[in-house]
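Q: Here you go, this is upload-v1.cif (mmCIF, C-alpha atoms).
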data_upload
loop_
_atom_site.label_atom_id
_atom_site.label_comp_id
_atom_site.auth_asym_id
_atom_site.auth_seq_id
_atom_site.Cartn_x
_atom_site.Cartn_y
_atom_site.Cartn_z
CA MET U 1057 175.02 156.06 34.72
CA GLU U 1058 174.51 156.50 30.97
CA GLN U 1059 170.96 155.16 31.26
CA ALA U 1060 170.21 157.64 34.09
CA ARG U 1061 171.46 160.52 31.94
CA SER U 1062 169.38 159.37 28.98
CA PHE U 1063 166.28 159.14 31.19
CA GLN U 1064 166.87 162.64 32.55
CA ALA U 1065 167.34 164.00 29.03
CA ALA U 1066 164.16 162.28 27.87
CA ALA U 1067 162.21 163.59 30.87
CA TRP U 1068 163.45 167.13 30.21
CA HIS U 1069 162.49 166.76 26.54
CA ARG U 1070 158.96 165.70 27.50
CA LEU U 1071 158.71 168.52 30.05
CA LYS U 1072 159.68 171.12 27.43
CA LYS U 1073 156.86 169.95 25.16
CA ASN U 1074 154.30 170.59 27.92
CA LYS U 1075 153.30 174.24 27.40
CA GLY U 1076 151.59 174.51 30.79
CA ALA U 1077 154.66 173.21 32.63
CA VAL U 1078 156.96 175.55 30.68
CA PHE U 1079 154.70 178.50 31.50
CA GLY U 1080 154.76 177.53 35.18
CA LEU U 1081 158.55 177.10 35.17
CA VAL U 1082 159.09 180.48 33.49
CA LEU U 1083 156.76 182.17 35.98
CA ILE U 1084 158.58 180.55 38.90
CA ILE U 1085 161.99 181.63 37.56
CA LEU U 1086 160.74 185.19 37.11
CA SER U 1087 159.34 185.14 40.66
CA VAL U 1088 162.67 183.93 42.06
CA ILE U 1089 164.58 186.67 40.20
CA THR U 1090 162.03 189.24 41.41
CA ALA U 1091 162.42 188.05 45.00
CA ILE U 1092 166.23 188.28 44.85
CA ILE U 1093 166.40 191.81 43.40
CA ALA U 1094 163.14 193.00 44.98
CA TYR U 1095 164.56 196.08 46.70
CA PHE U 1096 166.26 197.25 43.50
CA ILE U 1097 163.17 197.08 41.28
CA ALA U 1098 160.48 198.10 43.78
CA PRO U 1099 159.47 201.78 43.50
CA ASP U 1100 159.57 201.95 47.31
CA HIS U 1101 162.98 200.57 48.35
CA SER U 1102 162.55 201.23 52.07
CA PRO U 1103 162.64 198.19 54.42
CA PHE U 1104 159.46 196.11 53.89
CA ALA U 1105 158.25 198.81 51.42
CA ASN U 1106 156.83 200.55 54.46
CA ARG U 1107 156.92 204.22 53.35
CA ILE U 1108 153.75 205.52 55.03
CA ILE U 1109 152.12 208.64 53.55
CA LEU U 1110 148.68 208.81 55.17
CA GLU U 1111 147.45 211.72 53.03
CA ILE U 1112 147.36 209.55 49.89
CA GLY U 1113 145.90 206.39 51.43
CA GLY U 1114 143.52 204.17 49.45
CA ARG U 1115 144.22 205.61 45.97
CA LYS U 1116 143.34 203.77 42.76
CA PRO U 1117 145.81 202.28 40.24
CA GLY U 1118 147.61 204.85 38.09
CA PHE U 1119 147.40 207.59 40.73
CA GLU U 1120 150.08 210.31 40.43
CA GLN U 1121 151.22 212.70 43.14
CA GLN U 1122 153.83 215.42 43.43
CA PHE U 1123 156.08 215.36 46.51
CA ILE U 1124 158.66 217.60 48.12
CA LYS U 1125 161.56 215.76 49.75
CA VAL U 1126 162.45 217.04 53.22
CA LYS U 1127 165.63 215.86 54.95
CA LYS U 1128 165.24 213.68 58.03
CA GLU U 1129 166.67 214.96 61.30
CA LYS U 1130 168.86 211.88 61.78
CA GLU U 1131 171.61 210.90 59.38
CA VAL U 1132 170.68 207.89 57.25
CA THR U 1133 173.62 205.64 56.39
CA ASN U 1134 174.01 203.86 53.07
CA PRO U 1135 173.68 200.08 53.68
CA GLY U 1136 175.75 199.22 50.60
CA PHE U 1137 174.86 196.81 47.81
CA PHE U 1138 174.40 193.67 49.90
CA GLY U 1139 172.64 195.53 52.69
CA GLN U 1140 170.09 196.90 50.25
CA LEU U 1141 169.79 193.52 48.55
CA LEU U 1142 168.83 191.87 51.85
CA SER U 1143 166.72 194.48 53.65
CA GLY U 1144 166.30 197.58 51.51
CA LYS U 1145 167.49 201.13 51.98
CA GLU U 1146 165.95 203.55 54.46
CA ASP U 1147 164.67 206.80 52.98
CA ALA U 1148 166.90 209.81 53.67
CA TYR U 1149 163.92 212.15 53.15
CA TYR U 1150 160.30 212.58 54.17
CA TYR U 1151 157.95 212.62 51.19
CA ILE U 1152 155.45 215.47 51.67
CA PRO U 1153 152.57 215.50 49.14
CA VAL U 1154 152.02 218.92 47.55
CA THR U 1155 149.63 220.42 45.01
CA GLY U 1156 151.95 223.22 43.94
CA TYR U 1157 155.15 225.08 44.81
CA GLU U 1158 157.20 228.16 43.99
CA LYS U 1159 160.76 229.23 44.73
CA LYS U 1160 161.37 232.50 46.58
CA GLY U 1161 165.02 233.30 47.21
CA ASP U 1162 166.49 230.57 49.42
CA SER U 1163 163.07 229.12 50.28
CA ILE U 1164 160.34 227.07 48.63
CA ILE U 1165 156.67 227.86 49.28
CA VAL U 1166 154.43 224.79 48.87
CA GLN U 1167 150.77 223.94 49.12
CA LYS U 1168 150.85 220.79 51.24
CA TYR U 1169 148.15 218.33 50.20
CA ILE U 1170 145.88 217.32 53.08
CA ASP U 1171 142.69 216.04 51.47
CA GLU U 1172 140.50 216.58 48.43
CA LYS U 1173 140.26 220.36 47.84
CA LEU U 1174 142.13 220.99 51.10
CA SER U 1175 145.75 222.16 51.33
CA GLU U 1176 148.02 224.07 53.68
CA ARG U 1177 150.63 226.68 52.81
CA GLN U 1178 154.11 225.83 54.14
CA ALA U 1179 157.61 227.23 53.62
CA TYR U 1180 160.91 225.32 53.63
CA ASP U 1181 164.47 226.58 53.54
CA LEU U 1182 166.48 225.03 50.70
CA SER U 1183 168.94 223.64 53.26
CA GLN U 1184 166.12 221.46 54.63
CA LEU U 1185 165.44 219.86 51.26
CA ALA U 1186 167.03 217.38 48.88
CA PRO U 1187 169.26 218.77 46.10
CA ASP U 1188 166.40 217.95 43.68
CA PRO U 1189 163.55 218.73 46.09
CA VAL U 1190 160.44 218.09 43.98
CA THR U 1191 159.53 214.72 42.48
CA THR U 1192 156.43 213.14 40.96
CA LYS U 1193 155.57 209.49 41.66
CA LYS U 1194 153.08 207.25 39.89
CA PHE U 1195 151.49 204.39 41.82
CA LEU U 1196 150.72 201.76 39.17
CA LEU U 1197 148.58 199.61 41.50
CA GLY U 1198 147.53 202.41 43.83
CA THR U 1199 148.17 202.81 47.55
CA ASP U 1200 146.81 201.04 50.62
CA LYS U 1201 145.03 202.74 53.51
CA TYR U 1202 148.38 203.84 54.96
CA GLY U 1203 149.53 205.38 51.69
CA ARG U 1204 152.06 202.63 50.93
CA ASP U 1205 152.75 201.58 47.35
CA ILE U 1206 150.85 198.35 46.58
CA LEU U 1207 153.17 197.31 43.72
CA SER U 1208 156.25 197.60 45.94
CA ARG U 1209 154.66 195.55 48.72
CA ILE U 1210 153.63 192.83 46.26
CA ILE U 1211 157.20 192.66 44.91
CA ILE U 1212 158.71 192.44 48.41
CA GLY U 1213 155.99 189.97 49.46
CA THR U 1214 157.23 187.55 46.78
CA ARG U 1215 160.14 186.80 49.11
CA VAL U 1216 157.86 185.59 51.91
CA SER U 1217 155.78 183.31 49.68
CA LEU U 1218 158.81 181.71 48.00
CA SER U 1219 160.71 181.44 51.29
CA VAL U 1220 157.86 179.73 53.13
CA GLY U 1221 157.40 177.34 50.21
CA LEU U 1222 161.11 176.52 50.01
CA ILE U 1223 161.64 176.00 53.74
CA THR U 1224 158.41 174.02 54.00
CA VAL U 1225 159.53 171.70 51.19
CA ILE U 1226 162.99 171.26 52.78
CA ILE U 1227 161.51 170.39 56.19
CA SER U 1228 158.77 168.13 54.78
CA LEU U 1229 161.19 166.35 52.42
CA SER U 1230 163.70 165.74 55.22
CA ILE U 1231 161.16 164.27 57.63
CA GLY U 1232 159.11 162.46 54.98
CA LEU U 1233 162.11 160.83 53.27
CA ILE U 1234 163.64 159.61 56.53
CA LEU U 1235 160.48 158.24 58.16
CA GLY U 1236 159.02 156.84 54.93
CA SER U 1237 162.31 155.11 54.06
CA LEU U 1238 162.67 153.58 57.52
CA ALA U 1239 159.09 152.30 57.46
CA GLY U 1240 159.35 150.84 53.97
CA TYR U 1241 162.87 149.39 54.26
CA TYR U 1242 162.66 147.71 57.67
CA GLY U 1243 158.94 146.86 57.83
CA GLY U 1244 157.64 144.99 60.89
CA LYS U 1245 157.39 146.92 64.16
CA THR U 1246 159.28 149.89 62.75
CA ASP U 1247 156.71 150.18 59.97
CA ASN U 1248 153.79 149.77 62.38
CA ILE U 1249 155.06 152.46 64.78
CA ILE U 1250 155.84 154.98 62.03
CA MET U 1251 152.53 154.35 60.23
CA TRP U 1252 150.63 154.79 63.50
CA PHE U 1253 152.36 158.15 64.00
CA ILE U 1254 151.66 159.14 60.38
CA ASN U 1255 147.98 158.25 60.71
CA VAL U 1256 147.65 160.27 63.92
CA ILE U 1257 149.17 163.36 62.26
CA TRP U 1258 147.13 162.70 59.10
CA SER U 1259 143.89 162.72 61.10
CA ILE U 1260 144.48 166.24 62.48
CA PRO U 1261 143.28 169.07 60.19
CA THR U 1262 146.26 170.97 58.79
CA LEU U 1263 145.15 174.42 59.95
CA LEU U 1264 144.38 173.14 63.46
CA LEU U 1265 147.84 171.58 63.67
CA VAL U 1266 149.44 174.81 62.41
CA PHE U 1267 147.50 176.79 65.03
CA ALA U 1268 148.78 174.50 67.78
CA ILE U 1269 152.41 174.73 66.62
CA THR U 1270 152.13 178.50 66.20
CA LEU U 1271 150.83 178.84 69.77
CA VAL U 1272 153.93 176.97 71.00
CA LEU U 1273 156.47 178.76 68.77
CA GLY U 1274 154.78 182.17 68.75
CA LYS U 1275 153.82 184.46 65.89
CA GLY U 1276 156.44 185.62 63.44
CA PHE U 1277 158.40 185.21 60.22
CA TRP U 1278 160.46 182.09 60.98
CA GLN U 1279 157.88 180.49 63.24
CA ILE U 1280 155.34 180.26 60.43
CA PHE U 1281 157.90 178.55 58.16
CA ILE U 1282 158.57 175.86 60.75
CA ALA U 1283 154.89 175.44 61.64
CA VAL U 1284 153.82 174.89 58.02
CA GLY U 1285 156.80 172.62 57.30
CA LEU U 1286 156.04 170.37 60.27
CA THR U 1287 152.52 169.71 58.97
CA MET U 1288 153.23 168.79 55.34
CA TRP U 1289 155.61 165.83 55.60
CA VAL U 1290 152.93 163.16 56.03
CA ASN U 1291 151.97 162.73 52.36
CA ILE U 1292 155.66 162.54 51.40
CA ALA U 1293 156.30 159.88 54.05
CA ARG U 1294 153.37 157.76 52.81
CA LEU U 1295 154.53 158.07 49.21
CA VAL U 1296 158.16 157.21 50.06
CA ARG U 1297 157.10 154.19 52.13
CA GLY U 1298 155.11 152.80 49.21
CA GLN U 1299 157.97 153.38 46.78
CA VAL U 1300 160.54 151.76 49.07
CA LEU U 1301 158.29 148.73 49.65
CA GLY U 1302 158.25 148.17 45.89
CA ILE U 1303 162.02 148.57 45.47
CA ARG U 1304 163.60 146.93 48.52
CA GLU U 1305 163.31 143.35 47.13
CA LEU U 1306 164.73 144.16 43.68
CA GLU U 1307 167.98 142.53 42.57
CA TYR U 1308 170.22 145.58 42.80
CA ILE U 1309 169.15 146.16 46.43
CA GLU U 1310 169.87 142.50 47.21
CA ALA U 1311 173.27 142.94 45.53
CA ALA U 1312 174.01 145.99 47.71
CA ARG U 1313 173.21 143.95 50.83
CA ALA U 1314 175.37 141.06 49.59
CA LEU U 1315 178.30 143.44 49.09
CA GLY U 1316 178.00 144.45 52.73
CA TYR U 1317 176.83 148.03 52.19
CA SER U 1318 175.26 149.61 55.25
CA ASP U 1319 171.52 150.21 55.34
CA ILE U 1320 172.06 153.98 55.34
CA ARG U 1321 174.22 153.79 52.20
CA THR U 1322 171.76 151.45 50.49
CA ILE U 1323 168.86 153.79 51.18
CA ALA U 1324 170.68 157.03 50.37
CA ARG U 1325 172.75 155.91 47.38
CA HIS U 1326 170.57 153.27 45.75
CA ILE U 1327 166.93 153.74 46.79
CA TRP U 1328 166.46 157.50 47.02
CA PRO U 1329 167.76 158.32 43.51
CA ASN U 1330 165.21 155.90 42.06
CA ILE U 1331 162.19 157.34 43.87
CA MET U 1332 162.91 161.06 43.52
CA GLY U 1333 160.64 161.46 40.48
CA PRO U 1334 157.34 161.00 42.35
CA VAL U 1335 158.79 162.81 45.37
CA MET U 1336 159.59 165.91 43.29
CA VAL U 1337 156.04 165.94 41.92
CA ILE U 1338 154.52 165.95 45.40
CA ALA U 1339 157.13 168.53 46.54
CA ALA U 1340 155.86 170.94 43.86
CA SER U 1341 152.32 170.40 45.13
CA ASN U 1342 153.47 171.03 48.71
CA PHE U 1343 155.16 174.26 47.59
CA ALA U 1344 151.83 175.53 46.24
CA SER U 1345 149.94 174.39 49.36
CA ALA U 1346 152.45 176.12 51.64
CA ILE U 1347 151.94 179.44 49.83
CA ILE U 1348 148.17 179.20 50.33
CA ILE U 1349 148.47 178.17 53.99
CA GLU U 1350 150.89 181.02 54.75
CA ALA U 1351 148.58 183.52 53.06
CA GLY U 1352 145.63 182.18 55.05
CA LEU U 1353 147.49 182.35 58.35
CA SER U 1354 148.70 185.89 57.65
CA PHE U 1355 145.12 186.85 56.77
CA LEU U 1356 144.00 185.48 60.14
CA GLY U 1357 146.72 187.47 61.89
CA ILE U 1358 148.91 184.60 63.14
CA GLY U 1359 151.40 184.55 60.26
CA VAL U 1360 153.81 187.25 59.16
CA GLN U 1361 153.48 190.31 61.41
CA PRO U 1362 153.58 194.02 60.41
CA PRO U 1363 155.56 195.91 59.23
CA GLN U 1364 156.75 192.90 57.21
CA THR U 1365 154.76 192.45 54.05
CA SER U 1366 152.95 189.28 52.99
CA TRP U 1367 150.32 188.80 50.32
CA GLY U 1368 147.92 187.33 52.87
CA LEU U 1369 148.53 190.22 55.24
CA MET U 1370 147.89 192.69 52.41
CA ILE U 1371 144.51 191.09 51.75
CA LYS U 1372 143.69 191.29 55.46
CA GLU U 1373 144.56 195.00 55.59
CA ASN U 1374 142.58 195.91 52.48
CA TYR U 1375 139.77 193.36 52.01
CA ASN U 1376 137.13 195.90 53.12
CA PHE U 1377 137.97 197.94 50.00
CA ILE U 1378 136.54 195.15 47.78
CA ILE U 1379 133.00 196.41 48.33
CA THR U 1380 133.98 200.08 48.36
CA GLN U 1381 135.79 202.36 45.95
CA ASN U 1382 139.06 200.47 45.37
CA PRO U 1383 138.87 196.65 45.12
CA MET U 1384 142.33 196.39 43.51
CA LEU U 1385 143.98 196.85 46.93
CA ALA U 1386 142.89 193.34 47.89
CA LEU U 1387 142.57 191.81 44.43
CA ALA U 1388 146.19 192.52 43.39
CA PRO U 1389 147.82 190.34 46.10
CA GLY U 1390 145.07 187.76 45.51
CA PHE U 1391 146.02 187.56 41.82
CA ALA U 1392 149.70 187.23 42.82
CA ILE U 1393 148.87 184.25 45.07
CA MET U 1394 146.75 182.68 42.34
CA LEU U 1395 149.45 183.00 39.65
CA LEU U 1396 152.26 181.59 41.79
CA VAL U 1397 150.16 178.67 43.03
CA LEU U 1398 149.01 177.98 39.45
CA ALA U 1399 152.66 178.00 38.30
CA PHE U 1400 153.69 175.33 40.82
CA ASN U 1401 150.63 173.20 40.10
CA LEU U 1402 151.29 173.36 36.34
CA LEU U 1403 154.94 172.45 36.91
CA GLY U 1404 153.92 169.58 39.19
CA ASN U 1405 151.52 168.21 36.55
CA GLY U 1406 154.22 168.55 33.92
CA LEU U 1407 156.76 166.72 36.08
CA SER U 1408 154.22 163.97 36.69
CA ASP U 1409 153.80 163.42 32.96
CA ALA U 1410 157.51 163.80 32.16
CA LEU U 1411 158.63 161.29 34.80
CA ASN U 1412 155.92 158.72 34.08
CA VAL U 1413 158.18 156.23 32.30
CA LYS U 1414 155.66 153.36 32.57
CA SER U 1415 153.37 154.89 29.97
CA LYS U 1416 155.90 156.85 27.83
CA ASN U 1417 158.88 155.92 25.74
CA PHE U 1418 162.26 157.62 26.00
CA SER U 1419 161.89 159.10 22.54
#
I need this file expressed as structure tokens, please.
A:
Amino acid sequence: MEQARSFQAAAWHRLKKNKGAVFGLVLIILSVITAIIAYFIAPDHSPFANRIILEIGGRKPGFEQQFIKVKKEKEVTNPGFFGQLLSGKEDAYYYIPVTGYEKKGDSIIVQKYIDEKLSERQAYDLSQLAPDPVTTKKFLLGTDKYGRDILSRIIIGTRVSLSVGLITVIISLSIGLILGSLAGYYGGKTDNIIMWFINVIWSIPTLLLVFAITLVLGKGFWQIFIAVGLTMWVNIARLVRGQVLGIRELEYIEAARALGYSDIRTIARHIWPNIMGPVMVIAASNFASAIIIEAGLSFLGIGVQPPQTSWGLMIKENYNFIITQNPMLALAPGFAIMLLVLAFNLLGNGLSDALNVKSKNFS
């Protein structure tokens, strides 16, 4: 036990000295925090950051616009802290873009913005408006073609990318550890059958397999998690099988058998803890791959469906702006994907070096 703790401390010490791995870890932690409190820090806190204002669609980063807030006909209830944490808070007002306004008695006269150099005069009774009826909003990354805030949708989209990576890793680790351990520990026919199955799955292109699973499960948020997870267990299973083959004849495994421990206990309590280093490295790589696959599927239209936000879906909706006046609409979510994938790859490389005890000392 003491030796295990000293190895973990030494591995953590080596990991901290790797600047790339530390950068990746910090970026991942910041992304997780952002995903958890997304609806509290996003400028648009409506569900899925889906506040549509068509008049200001396709605006460039730094765009500012004045709005008048008009009460909605229906009463909007407050979801409370946990309700907003999970799914946001519906707007209680319509945001009407204006170019100017003036108060006259118990009314406000506004020039409603319609298009460049085009406005319409409208009047609102004060009872129709918010207590503080006029507000100015700045869109740091601009707006998409529907007038939605790009920054808010990127922040909310962090949840999808991290969720698909996490669930994919859980599913792939569960299947890969079980099948790989059974193949490596028992050998013989069990190994032959499992390896045949692994090779069949391995031979099918990942995207083609995801397409097939998606057709069976349907399009949607949870379906894409399961589809991606069911395609990424093969490399874990092959790695685990090789590790178990090298460990199963060691003395402490023979001692566990001699003491009458069951095979399940021997595998779970004595083999798995000693092979988790390489498994965690490949899990980090799978996390990054899952983010890319989800973004690609959403771009193709078979992943996350509107009005939910996903970085891949954002690129799909705005990629035509790359060659027109506002490339940032598609580049911003692309940069977000790149940074998060880079973070997991850097962390995976750092873990690989930190856990490589064959070529490094504990000091």
Q: Once the PyMOL selection byres ((chain U and resi 1304-1318) around 12) has been applied to the shown file, what residues remain in the selection, as a count of residues only?
A: 27
Q: Select, from U:Ser1408, U:Ala1283, U:Gly1080, U:Pro1329, the residue with the minimum atom-to-atom distance to U:Thr1224, counting all atoms listed in the file.
A: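 So, comparing all the options, the nearest one is U:Ala1283.
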Q: Hey, what's within 6 Å of U:Gly1213 if we count only C-alpha atoms and toss same-chain stuff fewer than 6 positions away? As a PyMOL selection string, please?
A: chain U and resi 1365-1367
Q: Which one is closest to U:Asp1162: U:Leu1081, U:Val1266, U:Ile1292, U:Leu1182? Count only C-alpha atoms.
A: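 Smallest separation from U:Asp1162 among the options: U:Leu1182.
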Q: Mind giving me the straight-line distance from atom CA of U:Leu1174 to atom CA of U:Pro1153 in Å, one decimal?
A: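 Separation of atom CA of U:Leu1174 and atom CA of U:Pro1153: 12.0 Å.
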Q: One number please: atom CA of U:Leu1407 to atom CA of U:Val1284, in Å, one decimal.
A: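 Atom-to-atom, atom CA of U:Leu1407 and atom CA of U:Val1284 are spaced 23.6 Å apart.
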Q: Give me the residues within 9 Å of U:Ile1112 as a PyMOL selection string, counting all atoms listed in the file and dropping any in the same chain fewer than 4 places off.
A: chain U and resi 1121+1153+1169-1171+1199-1204
Q: May I have the residues from that selection written out with C-alpha atoms, as a PDB file, keeping the file's coordinate frame?
A:
ATOM      1  CA  GLN U1121     151.220 212.700  43.140  1.00  0.00           C
ATOM      2  CA  PRO U1153     152.570 215.500  49.140  1.00  0.00           C
ATOM      3  CA  TYR U1169     148.150 218.330  50.200  1.00  0.00           C
ATOM      4  CA  ILE U1170     145.880 217.320  53.080  1.00  0.00           C
ATOM      5  CA  ASP U1171     142.690 216.040  51.470  1.00  0.00           C
ATOM      6  CA  THR U1199     148.170 202.810  47.550  1.00  0.00           C
ATOM      7  CA  ASP U1200     146.810 201.040  50.620  1.00  0.00           C
ATOM      8  CA  LYS U1201     145.030 202.740  53.510  1.00  0.00           C
ATOM      9  CA  TYR U1202     148.380 203.840  54.960  1.00  0.00           C
ATOM     10  CA  GLY U1203     149.530 205.380  51.690  1.00  0.00           C
ATOM     11  CA  ARG U1204     152.060 202.630  50.930  1.00  0.00           C
TER      12      ARG U1204
END
Q: Written as a list in words, what is the full residue list that the PyMOL selection byres ((chain U and resi 1185) around 10) yields on the file shown?
A: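 That expression, the PyMOL selection byres ((chain U and resi 1185) around 10), corresponds here to Ile1124, Lys1125, Val1126, Lys1127, Lys1128, Tyr1149, Tyr1150, Ser1163, Ile1164, Tyr1180, Asp1181, Leu1182, Ser1183, Gln1184, Ala1186, Pro1187, Asp1188, Pro1189 and Val1190 of chain U.
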Q: Within 9 Å of U:Val1397, counting all atoms listed in the file, which residues qualify if same-chain residues fewer than 3 places away don't, as number ranges by chain?
A: U: 1341, 1343-1345, 1347-1348, 1392-1394, 1400-1402
Q: I would like the residues chosen by the PyMOL selection byres ((chain U and resi 1271-1279) around 6) on the shown file; could you give them as a list in words?
A: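 Those residues are Ala1268, Ile1269, Thr1270, Ile1280, Phe1281, Ile1282, Ile1358, Val1360 and Gln1361 of chain U.
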Q: Please check which residues have atoms at most 10 Å from (145.9, 201.1, 40.5) in the file's coordinates, counting only C-alpha atoms, and write them as a short mmCIF file (atom, residue, chain, number, x, y, z; two decimals) with C-alpha atoms, in the frame of the given file.
A:
data_model
loop_
_atom_site.label_atom_id
_atom_site.label_comp_id
_atom_site.auth_asym_id
_atom_site.auth_seq_id
_atom_site.Cartn_x
_atom_site.Cartn_y
_atom_site.Cartn_z
CA GLY U 1114 143.52 204.17 49.45
CA ARG U 1115 144.22 205.61 45.97
CA LYS U 1116 143.34 203.77 42.76
CA PRO U 1117 145.81 202.28 40.24
CA GLY U 1118 147.61 204.85 38.09
CA PHE U 1119 147.40 207.59 40.73
CA LYS U 1194 153.08 207.25 39.89
CA PHE U 1195 151.49 204.39 41.82
CA LEU U 1196 150.72 201.76 39.17
CA LEU U 1197 148.58 199.61 41.50
CA GLY U 1198 147.53 202.41 43.83
CA THR U 1199 148.17 202.81 47.55
CA ASP U 1205 152.75 201.58 47.35
CA ILE U 1206 150.85 198.35 46.58
CA LEU U 1207 153.17 197.31 43.72
CA ASN U 1382 139.06 200.47 45.37
CA PRO U 1383 138.87 196.65 45.12
CA MET U 1384 142.33 196.39 43.51
CA LEU U 1385 143.98 196.85 46.93
CA ALA U 1388 146.19 192.52 43.39
#
Q: Between atom CA of U:Gly1406 and atom CA of U:Val1078, measure the distance and give it in Å to one decimal.
A: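 Answer for the atom CA of U:Gly1406 to atom CA of U:Val1078 separation: 8.2 Å.
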Q: Show which residues sit within 12 Å of U:Phe1138, as a ChimeraX atom specification. Count all atoms listed in the file, and ignore same-chain residues fewer than 6 positions away.
A: /U:1092-1093,1095-1096,1144-1145
Q: Using only C-alpha atoms for the distances, tell me which of U:Asn1248, U:Asn1291, U:Ser1175, U:Thr1090 is nearest to U:Val1225.
A: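 With only C-alpha atoms as the atom set, the closest residue is U:Asn1291.
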Q: Given the choices U:Ala1091, U:Val1166, U:Leu1233, U:Ile1349, which gets closest to U:Phe1267 if the distance is worked out from all atoms listed in the file?
A: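 Among the listed residues, U:Ile1349 lies closest to U:Phe1267.
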Q: Residues at most 7 Å from U:Gln1167, counting all atoms listed in the file, excluding those fewer than 4 positions away in the same chain, as a list of chain:residue names?
A: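 My reading of the contact set: U:Val1154, U:Thr1155, U:Gly1156, U:Tyr1157, U:Ser1175, U:Glu1176, U:Arg1177, U:Gln1178.
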Q: Counting all atoms listed in the file, which residue out of U:Trp1289, U:Lys1168, U:Leu1387, U:Leu1411 sits closest to U:Arg1070?
A: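 Among the listed residues, U:Leu1411 lies closest to U:Arg1070.
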Q: Here's a test: counting all atoms listed in the file, identify every protein, DNA and RNA residue with an atom at most 12 Å from (163.1, 187.3, 47.8) in the file's coordinate frame, and state them as a ChimeraX atom specification.
A: /U:1085-1098,1104,1141-1144,1209-1222,1365-1366
